[in-house]
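Note: the block below is model.cif and it holds mmCIF, C-alpha atoms and all ligand atoms.
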data_entry
loop_
_atom_site.label_atom_id
_atom_site.label_comp_id
_atom_site.auth_asym_id
_atom_site.auth_seq_id
_atom_site.Cartn_x
_atom_site.Cartn_y
_atom_site.Cartn_z
CA MET S 9 -16.24 21.65 -6.95
CA SER S 10 -15.73 18.98 -9.54
CA GLU S 11 -16.39 15.43 -8.44
CA VAL S 12 -13.72 14.11 -10.71
CA GLN S 13 -10.30 14.72 -9.26
CA GLU S 14 -7.53 14.90 -11.74
CA LYS S 15 -5.01 12.19 -11.09
CA LYS S 16 -1.83 13.60 -9.65
CA LYS S 17 1.39 13.05 -11.54
CA ILE S 18 4.04 10.81 -10.06
CA ILE S 19 7.31 12.43 -9.06
CA LEU S 20 10.25 10.38 -7.86
CA SER S 21 13.68 11.06 -6.50
CA GLY S 22 16.46 9.42 -4.56
CA ILE S 23 19.39 10.41 -2.42
CA GLN S 24 22.47 8.42 -1.53
CA PRO S 25 23.02 7.85 2.18
CA THR S 26 26.70 8.65 2.17
CA GLY S 27 28.08 11.25 4.51
CA VAL S 28 26.30 14.18 6.04
CA PHE S 29 23.81 16.28 4.13
CA THR S 30 24.69 19.88 3.48
CA LEU S 31 22.72 23.07 3.23
CA GLY S 32 23.17 22.56 -0.52
CA ASN S 33 21.40 19.18 -0.38
CA TYR S 34 18.69 20.76 1.72
CA ILE S 35 17.99 23.78 -0.45
CA GLY S 36 18.71 22.00 -3.74
CA ALA S 37 16.75 18.83 -3.07
CA LEU S 38 15.15 18.03 0.28
CA LYS S 39 13.28 21.30 0.78
CA ASN S 40 11.77 20.81 -2.68
CA TRP S 41 10.79 17.24 -1.88
CA VAL S 42 8.67 18.58 0.95
CA LYS S 43 6.98 21.12 -1.29
CA LEU S 44 6.40 18.67 -4.13
CA GLN S 45 4.55 16.15 -1.99
CA GLU S 46 1.57 18.53 -1.90
CA ASP S 47 1.07 18.67 -5.65
CA TYR S 48 2.26 15.24 -6.74
CA ASN S 49 2.19 11.61 -5.82
CA ALA S 50 5.73 11.61 -4.56
CA ALA S 51 8.10 8.69 -4.09
CA TYR S 52 11.39 9.25 -2.28
CA MET S 53 14.04 6.67 -1.72
CA ILE S 54 17.27 6.28 0.16
CA ALA S 55 19.45 4.91 -2.65
CA ASP S 56 21.60 2.61 -0.52
CA MET S 57 22.29 0.16 -3.36
CA HIS S 58 23.89 2.97 -5.34
CA SER S 59 26.28 3.65 -2.47
CA LEU S 60 27.99 0.29 -2.89
CA THR S 61 29.57 1.47 -6.15
CA VAL S 62 32.13 2.99 -3.80
CA ARG S 63 33.60 0.84 -1.01
CA GLN S 64 31.69 1.37 2.25
CA ASP S 65 32.28 0.31 5.81
CA PRO S 66 29.24 -1.90 6.62
CA ALA S 67 28.66 -0.65 10.17
CA LYS S 68 28.96 2.95 9.06
CA LEU S 69 26.73 2.43 6.04
CA ARG S 70 24.04 0.84 8.22
CA GLN S 71 24.04 3.85 10.48
CA GLN S 72 24.08 6.30 7.56
CA ILE S 73 21.08 4.70 5.87
CA LEU S 74 19.00 5.07 9.00
CA SER S 75 20.30 8.57 9.57
CA ALA S 76 19.48 9.58 5.97
CA PHE S 77 15.97 8.18 6.34
CA ALA S 78 15.53 10.19 9.56
CA VAL S 79 16.84 13.36 7.86
CA VAL S 80 14.32 13.00 5.05
CA LEU S 81 11.47 12.76 7.57
CA ALA S 82 12.98 15.53 9.73
CA CYS S 83 12.91 17.89 6.74
CA GLY S 84 9.17 17.37 6.51
CA VAL S 85 8.62 14.52 4.07
CA ASP S 86 5.45 12.92 5.37
CA PRO S 87 5.53 9.12 5.06
CA ASN S 88 1.73 9.05 5.05
CA LYS S 89 1.62 11.32 2.05
CA SER S 90 4.71 10.27 0.11
CA LEU S 91 6.06 6.84 -0.61
CA THR S 92 9.23 6.92 1.49
CA PHE S 93 11.46 3.88 1.44
CA ILE S 94 14.89 2.33 1.40
CA GLN S 95 15.90 1.04 -2.03
CA SER S 96 17.39 -2.29 -0.93
CA HIS S 97 14.12 -3.18 0.83
CA VAL S 98 12.42 -3.44 -2.54
CA HIS S 99 14.00 -6.34 -4.40
CA GLN S 100 12.35 -5.38 -7.67
CA HIS S 101 14.98 -2.65 -8.16
CA ALA S 102 17.78 -5.19 -8.56
CA GLU S 103 15.62 -7.41 -10.74
CA LEU S 104 14.51 -4.74 -13.17
CA SER S 105 18.02 -3.37 -13.21
CA TRP S 106 19.21 -6.67 -14.73
CA ILE S 107 16.65 -6.58 -17.51
CA LEU S 108 17.47 -2.97 -18.25
CA SER S 109 21.21 -3.71 -18.26
CA CYS S 110 20.51 -6.14 -21.05
CA ASN S 111 18.82 -3.31 -22.90
CA THR S 112 21.53 -0.73 -22.36
CA GLN S 113 24.54 -0.51 -24.64
CA PHE S 114 28.12 -0.58 -23.42
CA GLY S 115 28.77 2.53 -25.48
CA GLU S 116 25.96 4.42 -23.77
CA LEU S 117 27.29 3.65 -20.30
CA ASN S 118 30.81 4.42 -21.41
CA ARG S 119 29.78 7.95 -22.35
CA MET S 120 28.52 8.83 -18.87
CA THR S 121 30.64 11.68 -17.53
CA GLN S 122 30.01 10.66 -13.93
CA PHE S 123 31.48 7.23 -14.64
CA LYS S 124 34.56 8.85 -16.11
CA ASP S 125 34.94 11.21 -13.15
CA LYS S 126 34.32 8.56 -10.53
CA SER S 127 36.59 5.99 -12.10
CA ALA S 128 39.35 8.59 -12.26
CA LYS S 129 38.82 9.28 -8.56
CA ASN S 130 38.60 5.59 -7.55
CA ALA S 131 41.21 4.13 -9.83
CA ASP S 132 41.69 1.13 -7.51
CA ASN S 133 38.00 0.15 -7.59
CA ILE S 134 36.47 0.65 -11.02
CA ASN S 135 33.83 -2.00 -10.44
CA ALA S 136 31.10 -3.16 -12.79
CA GLY S 137 28.44 -1.60 -10.56
CA LEU S 138 29.98 1.82 -11.03
CA PHE S 139 29.65 1.24 -14.75
CA THR S 140 26.08 -0.10 -14.77
CA TYR S 141 24.83 2.32 -12.09
CA PRO S 142 22.65 4.20 -14.65
CA SER S 143 20.68 1.01 -15.36
CA LEU S 144 19.89 0.71 -11.66
CA MET S 145 18.84 4.33 -11.56
CA ALA S 146 16.65 3.75 -14.61
CA ALA S 147 15.04 0.83 -12.77
CA ASP S 148 14.40 3.05 -9.72
CA ILE S 149 12.52 5.49 -11.90
CA LEU S 150 10.74 3.19 -14.36
CA LEU S 151 9.41 0.77 -11.73
CA TYR S 152 7.19 3.54 -10.38
CA GLN S 153 6.07 4.85 -13.80
CA ALA S 154 7.32 8.27 -12.72
CA ASP S 155 6.20 11.25 -14.79
CA LEU S 156 8.78 13.59 -13.36
CA VAL S 157 12.20 13.33 -11.78
CA PRO S 158 13.76 16.32 -10.02
CA VAL S 159 17.46 16.09 -10.74
CA GLY S 160 20.43 18.36 -10.43
CA ALA S 161 22.90 18.97 -13.23
CA ASP S 162 25.03 15.97 -12.19
CA GLN S 163 22.16 13.53 -12.79
CA LYS S 164 20.76 14.98 -16.00
CA GLN S 165 22.71 12.66 -18.24
CA HIS S 166 21.48 9.64 -16.26
CA LEU S 167 17.89 10.75 -16.68
CA GLU S 168 18.43 11.22 -20.42
CA LEU S 169 19.71 7.66 -20.59
CA THR S 170 16.70 6.45 -18.58
CA ARG S 171 14.46 8.04 -21.20
CA ASP S 172 16.39 6.35 -24.00
CA ILE S 173 16.20 2.96 -22.30
CA ALA S 174 12.47 3.33 -21.63
CA THR S 175 11.73 4.40 -25.20
CA ARG S 176 13.80 1.56 -26.63
CA PHE S 177 12.10 -1.02 -24.41
CA ASN S 178 8.66 0.34 -25.30
CA ASN S 179 9.43 0.16 -29.01
CA LEU S 180 10.77 -3.35 -28.75
CA TYR S 181 8.22 -4.94 -26.42
CA GLY S 182 5.19 -2.67 -26.59
CA ASN S 183 4.27 0.16 -24.29
CA THR S 184 5.50 -0.71 -20.79
CA PHE S 185 7.16 2.30 -19.19
CA LYS S 186 6.18 5.91 -18.74
CA VAL S 187 9.01 7.96 -20.27
CA PRO S 188 9.93 10.39 -17.45
CA GLU S 189 10.59 14.10 -17.85
CA PRO S 190 13.15 16.06 -15.85
CA TYR S 191 11.64 18.37 -13.26
CA ILE S 192 13.45 21.67 -12.99
CA PRO S 193 12.59 23.46 -9.73
CA LYS S 194 11.38 27.04 -10.10
CA VAL S 195 13.99 28.47 -7.79
CA GLY S 196 17.04 26.46 -8.68
CA ALA S 197 19.44 28.00 -6.19
CA ARG S 198 22.81 26.35 -6.53
CA ILE S 199 24.58 26.66 -3.23
CA MET S 200 28.30 27.31 -3.46
CA SER S 201 31.17 26.67 -1.07
CA LEU S 202 31.60 29.31 1.64
CA SER S 203 35.37 29.30 1.24
CA ASP S 204 35.48 29.20 -2.56
CA PRO S 205 32.26 30.53 -4.12
CA ASN S 206 33.28 29.19 -7.54
CA LYS S 207 32.91 25.61 -6.31
CA LYS S 208 29.69 23.82 -5.43
CA MET S 209 29.14 23.35 -1.68
CA SER S 210 30.26 19.79 -1.04
CA LYS S 211 30.39 17.56 2.01
CA SER S 212 33.59 16.00 0.74
CA ASP S 213 35.45 19.30 0.88
CA GLU S 214 38.47 19.08 3.21
CA ASN S 215 37.74 22.54 4.55
CA GLN S 216 35.03 22.09 7.18
CA ASN S 217 34.23 25.81 7.04
CA SER S 218 33.26 25.58 3.39
CA PHE S 219 30.00 23.78 4.01
CA ILE S 220 27.06 23.84 6.41
CA THR S 221 25.51 20.52 7.32
CA ILE S 222 21.80 20.21 7.98
CA LEU S 223 22.56 19.10 11.52
CA ASP S 224 25.14 21.78 12.44
CA LYS S 225 24.41 23.58 15.70
CA PRO S 226 23.40 27.27 15.46
CA GLU S 227 26.71 28.54 16.90
CA VAL S 228 28.63 26.51 14.33
CA ILE S 229 26.47 27.78 11.48
CA ILE S 230 26.89 31.40 12.53
CA LYS S 231 30.65 30.99 12.92
CA LYS S 232 31.00 29.42 9.47
CA PHE S 233 29.06 32.23 7.82
CA LYS S 234 31.20 34.82 9.59
CA ARG S 235 34.21 33.25 7.90
CA ALA S 236 32.62 33.10 4.46
CA VAL S 237 34.82 34.45 1.68
CA THR S 238 33.46 37.60 0.04
CA ASP S 239 35.19 40.37 -1.92
CA SER S 240 36.98 43.67 -1.34
CA ASP S 241 33.96 45.71 -2.33
CA MET S 242 31.68 46.86 0.49
CA GLU S 243 28.21 46.74 -0.93
CA VAL S 244 25.68 44.00 -0.37
CA ARG S 245 24.61 43.87 -3.98
CA TYR S 246 23.95 41.02 -6.43
CA ALA S 247 26.36 41.55 -9.30
CA GLU S 248 28.71 39.80 -11.63
CA GLY S 249 32.10 39.15 -10.09
CA LYS S 250 30.70 39.18 -6.54
CA ASP S 251 30.37 35.41 -6.30
CA GLY S 252 30.71 35.21 -2.52
CA ILE S 253 28.08 37.85 -1.85
CA ASN S 254 25.84 36.45 -4.59
CA ASN S 255 25.96 33.06 -2.91
CA LEU S 256 25.14 34.52 0.51
CA MET S 257 22.32 36.55 -1.01
CA SER S 258 20.82 33.53 -2.71
CA ILE S 259 20.99 31.51 0.52
CA TYR S 260 19.49 34.40 2.50
CA SER S 261 16.77 34.84 -0.09
CA VAL S 262 15.82 31.14 0.03
CA VAL S 263 15.59 30.97 3.81
CA THR S 264 13.85 34.31 4.37
CA GLY S 265 11.77 34.55 1.21
CA LEU S 266 13.09 38.10 0.62
CA SER S 267 13.87 39.30 -2.90
CA TYR S 268 17.36 40.47 -3.85
CA GLU S 269 16.06 44.04 -4.14
CA GLN S 270 14.71 43.91 -0.62
CA ILE S 271 17.94 42.45 0.75
CA GLU S 272 19.98 45.16 -0.97
CA LYS S 273 17.71 47.79 0.54
CA ASP S 274 17.85 46.30 4.04
CA PHE S 275 21.66 46.21 4.01
CA GLN S 276 22.28 49.43 2.13
CA SER S 277 24.14 51.19 4.89
CA LYS S 278 25.51 48.10 6.57
CA GLY S 279 28.77 46.21 6.05
CA TYR S 280 29.53 42.63 5.11
CA GLY S 281 29.99 41.73 8.80
CA ASP S 282 26.38 42.56 9.60
CA PHE S 283 25.16 40.78 6.50
CA LYS S 284 27.10 37.59 7.22
CA THR S 285 25.76 37.54 10.77
CA ALA S 286 22.23 37.99 9.47
CA VAL S 287 22.62 35.14 6.97
CA GLY S 288 24.12 32.87 9.64
CA GLU S 289 21.31 33.58 12.07
CA ALA S 290 18.61 33.12 9.44
CA VAL S 291 20.05 29.79 8.30
CA ALA S 292 20.47 28.62 11.90
CA GLU S 293 16.83 29.47 12.61
CA HIS S 294 15.69 27.83 9.39
CA LEU S 295 17.49 24.58 10.15
CA ARG S 296 16.61 24.53 13.84
CA PRO S 297 13.33 22.59 13.47
CA VAL S 298 14.99 20.12 11.10
CA ARG S 299 17.76 19.41 13.60
CA GLU S 300 15.32 19.14 16.48
CA ASN S 301 13.06 16.79 14.51
CA TYR S 302 16.09 14.73 13.58
CA GLU S 303 17.23 14.38 17.18
CA ARG S 304 13.79 13.23 18.20
CA LEU S 305 13.45 10.79 15.29
CA ILE S 306 16.88 9.21 15.51
CA ALA S 307 16.19 8.43 19.16
CA ASP S 308 12.99 6.62 18.17
CA LYS S 309 14.21 3.59 16.25
CA ALA S 310 10.87 1.82 16.58
CA TYR S 311 9.06 4.62 14.82
CA LEU S 312 11.64 4.79 12.04
CA GLU S 313 11.37 1.04 11.55
CA GLN S 314 7.62 1.25 11.34
CA CYS S 315 7.92 3.97 8.68
CA TYR S 316 10.45 2.23 6.47
CA LYS S 317 8.67 -1.12 6.74
CA LEU S 318 5.41 0.43 5.64
CA GLY S 319 7.22 2.27 2.85
CA ALA S 320 8.88 -0.93 1.65
CA GLU S 321 5.59 -2.78 1.57
CA LYS S 322 3.79 -0.08 -0.41
CA ALA S 323 6.73 0.41 -2.77
CA SER S 324 7.03 -3.34 -3.35
CA ASN S 325 3.38 -3.63 -4.27
CA PHE S 326 3.68 -0.86 -6.79
CA ALA S 327 7.02 -1.99 -8.19
CA ASN S 328 5.82 -5.54 -8.55
CA ARG S 329 3.09 -4.55 -10.96
CA THR S 330 5.66 -3.08 -13.33
CA LEU S 331 8.13 -5.92 -12.90
CA THR S 332 5.50 -8.58 -13.55
CA LYS S 333 4.54 -6.83 -16.76
CA VAL S 334 8.19 -6.61 -17.81
CA TYR S 335 8.89 -10.30 -17.09
CA LYS S 336 5.93 -11.26 -19.22
CA LYS S 337 6.94 -8.95 -22.06
CA VAL S 338 10.48 -10.29 -22.28
CA GLY S 339 9.19 -13.86 -22.41
CA PHE S 340 9.67 -15.23 -18.89
CA ILE S 341 7.19 -17.86 -17.69
CA ALA S 342 4.90 -16.77 -14.86
CA LYS S 343 5.33 -18.90 -11.75
N1 LIG V 401 21.91 8.72 -8.48
C1 LIG V 401 21.38 9.74 -7.64
C2 LIG V 401 22.52 10.51 -6.99
O1 LIG V 401 23.61 10.01 -6.86
C3 LIG V 401 20.48 9.16 -6.58
C4 LIG V 401 19.39 8.39 -7.20
C5 LIG V 401 19.27 7.04 -7.22
C6 LIG V 401 18.25 8.91 -7.88
N2 LIG V 401 18.12 6.66 -7.85
C7 LIG V 401 17.48 7.78 -8.27
C8 LIG V 401 17.81 10.19 -8.20
C9 LIG V 401 16.30 7.94 -9.00
C10 LIG V 401 16.62 10.34 -8.92
C11 LIG V 401 15.88 9.22 -9.32
O2 LIG V 401 22.30 11.64 -6.56
#
Go through the file and emit its structure as structure tokens.
Ligand code: TRP
Amino acid sequence: MSEVQEKKKIILSGIQPTGVFTLGNYIGALKNWVKLQEDYNAAYMIADMHSLTVRQDPAKLRQQILSAFAVVLACGVDPNKSLTFIQSHVHQHAELSWILSCNTQFGELNRMTQFKDKSAKNADNINAGLFTYPSLMAADILLYQADLVPVGADQKQHLELTRDIATRFNNLYGNTFKVPEPYIPKVGARIMSLSDPNKKMSKSDENQNSFITILDKPEVIIKKFKRAVTDSDMEVRYAEGKDGINNLMSIYSVVTGLSYEQIEKDFQSKGYGDFKTAVGEAVAEHLRPVRENYERLIADKAYLEQCYKLGAEKASNFANRTLTKVYKKVGFIAK
């Protein structure tokens, strides 16, 4: 074996601690986080500062941040392997965000589709933070010199802007930031709503049966899958126009590891009822350890505190190296 170990690339991602996490969050993001920590130097953050762009109830937010941190660990992110921290614990994020704001154009921020969507939805609170949010996200990423950022479709534009900001800063002040690349997961299953398979599964859906949360009890999960909307055909088959079945097949495939061909074979002579029950049971089993880990972790506040304090300290040390460099480059006097 070679003595020289190739340096692992840095991969970084964040998740907002608002509301419950769904099966979509789990399959689309958290499950990948766990896998990625083996091959990369991973950094994962609870993006609590981002959550303030929408009005939050302080007591509820406090509880949700801790809960989100526990969920991340419950899914299998190992705080000894991956840098796991809470964004607001690392003051360098806010500081770099200011510098980057001064290097981001109004027009660039004004083009962000998420800003347009969110300001339409929150017409009574179109705050400056909602507008400059991409500069904070750029700071999150650039502080850690991340090579790769796993992002879903909704964050792609923000990552593009991060790349533009980094490149511009590097050209202006000399090489300072790694310009990050998007990381597209190999199996990019997009989990759709169980009641309307044309819509993404979302925790903000009014219909509670349309989404599965990571912490749902097995009976609830099975019941929700039984009610999943399918079609008037009878065959368990992946095909155009069968959005409901396609969604169930992709979920089943992710949690069991079976290929579509195998699933079609296994359910050849069975009806949708049997298939829905099988998917429900498989998902319930898959999420069982996560829920059990969560229940154990959330009851152990001392352990959680120890983990996020250690994470904050390590993250701060790393982030400070980048911030110090940046302060010097822009002309600030070292204290
Ligand atoms: N903005 C992301 C979201 O709403 C969360 C996030 C914050 C993030 N900082 C990040 C994602 C840095 C990737 C990298 O989902």
With distances taken over all atoms listed in the file, which of S:Glu14, S:Asp148, S:Asp224, S:Asp125 is nearest to Ala55 in chain S? S:Asp148
Residue neighbourhood Val263 in chain S, 12 Å, only C-alpha atoms, exclusion window fewer than 5 positions, as number ranges by chain: S: 31, 34-35, 39, 195, 197, 256-258, 286-296
When the cut-off is 9 Å and you count only C-alpha atoms and all ligand atoms, which residues lie near ligand LIG 401 (chain V), shown as a PyMOL selection string? chain S and resi 20-24+52-59+95+141-142+144-149+157-160+162-163+166-167
With distances taken over only C-alpha atoms, the candidate from S:His99, S:Lys89, S:Lys68, S:Lys208 nearest Trp41 in chain S is S:Lys89
Distance query Glu269 in chain S at most 10 Å, all atoms listed in the file, self and fewer than 4 positions along chain excluded, as a list of chain:residue names: S:Arg245, S:Tyr246, S:Lys273, S:Asp274
